[in-house]
$ cat data34.pdb   # PDB, C-alpha atoms, pLDDT in the B column
ATOM      1  CA  MET A   1       1.005 134.184 137.595  1.00 83.00           C
ATOM      2  CA  PHE A   2       4.731 134.443 138.324  1.00 83.00           C
ATOM      3  CA  LYS A   3       5.169 137.289 135.836  1.00 85.00           C
ATOM      4  CA  GLU A   4       2.143 139.040 137.338  1.00 91.00           C
ATOM      5  CA  TYR A   5       3.716 138.734 140.788  1.00 91.00           C
ATOM      6  CA  ILE A   6       6.997 140.207 139.519  1.00 91.00           C
ATOM      7  CA  GLY A   7       5.074 143.146 138.038  1.00 94.00           C
ATOM      8  CA  LYS A   8       3.287 143.800 141.328  1.00 97.00           C
ATOM      9  CA  LEU A   9       6.555 143.522 143.225  1.00 96.00           C
ATOM     10  CA  LYS A  10       8.181 146.083 140.908  1.00 97.00           C
ATOM     11  CA  GLU A  11       5.291 148.473 141.505  1.00 97.00           C
ATOM     12  CA  ALA A  12       5.573 148.030 145.269  1.00 97.00           C
ATOM     13  CA  VAL A  13       9.342 148.198 145.801  1.00 98.00           C
ATOM     14  CA  GLY A  14      10.883 149.284 142.504  1.00 97.00           C
ATOM     15  CA  GLU A  15      13.095 147.622 139.895  1.00 96.00           C
ATOM     16  CA  ASN A  16      16.316 147.435 141.945  1.00 97.00           C
ATOM     17  CA  ARG A  17      14.730 145.994 145.094  1.00 97.00           C
ATOM     18  CA  THR A  18      12.764 143.504 142.993  1.00 95.00           C
ATOM     19  CA  ALA A  19      15.986 142.289 141.360  1.00 94.00           C
ATOM     20  CA  GLU A  20      17.539 141.915 144.824  1.00 96.00           C
ATOM     21  CA  ILE A  21      14.542 139.995 146.164  1.00 95.00           C
ATOM     22  CA  ILE A  22      14.518 137.637 143.176  1.00 90.00           C
ATOM     23  CA  ALA A  23      18.293 137.122 143.343  1.00 91.00           C
ATOM     24  CA  ASN A  24      18.000 136.092 146.993  1.00 95.00           C
ATOM     25  CA  SER A  25      14.907 133.944 146.580  1.00 91.00           C
ATOM     26  CA  MET A  26      14.427 130.243 146.175  1.00 89.00           C
ATOM     27  CA  LEU A  27      11.948 129.133 143.541  1.00 81.00           C
ATOM     28  CA  ILE A  28      10.578 125.618 143.751  1.00 83.00           C
ATOM     29  CA  ILE A  29       8.918 124.120 140.705  1.00 77.00           C
ATOM     30  CA  SER A  30       7.303 120.774 141.307  1.00 77.00           C
ATOM     31  CA  MET A  31       6.187 118.241 138.757  1.00 72.00           C
ATOM     32  CA  GLY A  32       5.534 114.684 139.694  1.00 71.00           C
ATOM     33  CA  THR A  33       3.251 111.737 139.957  1.00 72.00           C
ATOM     34  CA  ASN A  34       0.231 113.886 140.753  1.00 82.00           C
ATOM     35  CA  ASP A  35       0.577 115.582 137.364  1.00 79.00           C
ATOM     36  CA  ILE A  36       0.477 112.193 135.715  1.00 83.00           C
ATOM     37  CA  ALA A  37      -2.119 110.514 137.934  1.00 82.00           C
ATOM     38  CA  GLY A  38      -4.321 113.584 138.183  1.00 82.00           C
ATOM     39  CA  THR A  39      -4.375 114.552 134.532  1.00 83.00           C
ATOM     40  CA  TYR A  40      -3.303 111.603 132.444  1.00 85.00           C
ATOM     41  CA  TYR A  41      -5.106 108.732 134.096  1.00 85.00           C
ATOM     42  CA  LEU A  42      -8.189 110.567 135.404  1.00 84.00           C
ATOM     43  CA  PHE A  43      -9.039 112.384 132.173  1.00 80.00           C
ATOM     44  CA  PRO A  44      -9.373 109.884 129.313  1.00 77.00           C
ATOM     45  CA  PHE A  45      -8.964 112.479 126.546  1.00 83.00           C
ATOM     46  CA  ARG A  46      -5.233 112.763 127.375  1.00 82.00           C
ATOM     47  CA  LYS A  47      -4.734 109.086 126.581  1.00 83.00           C
ATOM     48  CA  HIS A  48      -6.101 109.709 123.088  1.00 86.00           C
ATOM     49  CA  GLU A  49      -3.587 112.520 122.497  1.00 88.00           C
ATOM     50  CA  TYR A  50      -0.462 111.025 124.097  1.00 90.00           C
ATOM     51  CA  ASP A  51       0.995 107.751 125.195  1.00 91.00           C
ATOM     52  CA  ILE A  52       2.590 107.927 128.665  1.00 89.00           C
ATOM     53  CA  GLU A  53       6.116 108.553 127.335  1.00 93.00           C
ATOM     54  CA  LYS A  54       4.977 111.428 125.116  1.00 93.00           C
ATOM     55  CA  TYR A  55       2.868 112.863 127.937  1.00 90.00           C
ATOM     56  CA  THR A  56       5.761 112.898 130.406  1.00 88.00           C
ATOM     57  CA  SER A  57       7.981 114.469 127.731  1.00 92.00           C
ATOM     58  CA  MET A  58       5.336 117.149 127.180  1.00 90.00           C
ATOM     59  CA  LEU A  59       5.223 117.889 130.931  1.00 88.00           C
ATOM     60  CA  ILE A  60       9.003 118.208 131.087  1.00 89.00           C
ATOM     61  CA  SER A  61       9.010 120.469 128.054  1.00 92.00           C
ATOM     62  CA  ALA A  62       6.267 122.698 129.491  1.00 87.00           C
ATOM     63  CA  ASN A  63       8.102 123.068 132.788  1.00 85.00           C
ATOM     64  CA  SER A  64      11.400 123.754 131.026  1.00 88.00           C
ATOM     65  CA  LYS A  65       9.756 126.510 128.979  1.00 89.00           C
ATOM     66  CA  PHE A  66       8.314 128.013 132.159  1.00 83.00           C
ATOM     67  CA  VAL A  67      11.772 128.213 133.716  1.00 82.00           C
ATOM     68  CA  GLU A  68      13.223 129.769 130.559  1.00 85.00           C
ATOM     69  CA  VAL A  69      10.481 132.410 130.441  1.00 79.00           C
ATOM     70  CA  CYS A  70      10.840 133.274 134.111  1.00 74.00           C
ATOM     71  CA  PHE A  71      14.572 133.772 133.973  1.00 66.00           C
TER      72      PHE A  71
END
$ encode --input "data34.pdb" --output "structure tokens"
Amino acid sequence: MFKEYIGKLKEAVGENRTAEIIANSMLIISMGTNDIAGTYYLFPFRKHEYDIEKYTSMLISANSKFVEVCF
């Protein structure tokens, strides 16, 4: 969705203004206990795929990849 937003922003204000907006923006990426409680403990199929250490490592990896792709 972030890439889609960037595309729409470029269409609306152009490449240069988009770069300026992004350069002066603050991006907050949140990952926390809700990701673990809401997906690991509430959906039993996750427990069959991962133990808690592997699951948290997977979440960190997924968020790291997102940041790399965005920037």
$ closest_residue --input "data34.pdb" --among "A:Ile28, A:Ile36, A:Met1, A:Ile22" --to "Asp51 of chain A" --atoms "all atoms listed in the file"
A:Ile36
$ closest_residue --input "data34.pdb" --among "A:Asn63, A:Gly14, A:Glu68, A:Ala23" --to "Asp35 of chain A" --atoms "all atoms listed in the file"
A:Asn63
$ atom_distance --input "data34.pdb" --atom1 "atom CA of Arg46 of chain A" --atom2 "atom CA of Val69 of chain A"
25.3 Å
$ atom_distance --input "data34.pdb" --atom1 "atom CA of Tyr50 of chain A" --atom2 "atom CA of Thr33 of chain A"
16.3 Å
$ resolve_selection --input "data34.pdb" --expression "the PyMOL selection byres ((chain A and resi 37-40) around 12)" --output "number ranges by chain"
A: 31-36, 41-56, 58-59
$ atom_distance --input "data34.pdb" --atom1 "atom CA of Glu4 of chain A" --atom2 "atom CA of Ser57 of chain A"
27.0 Å
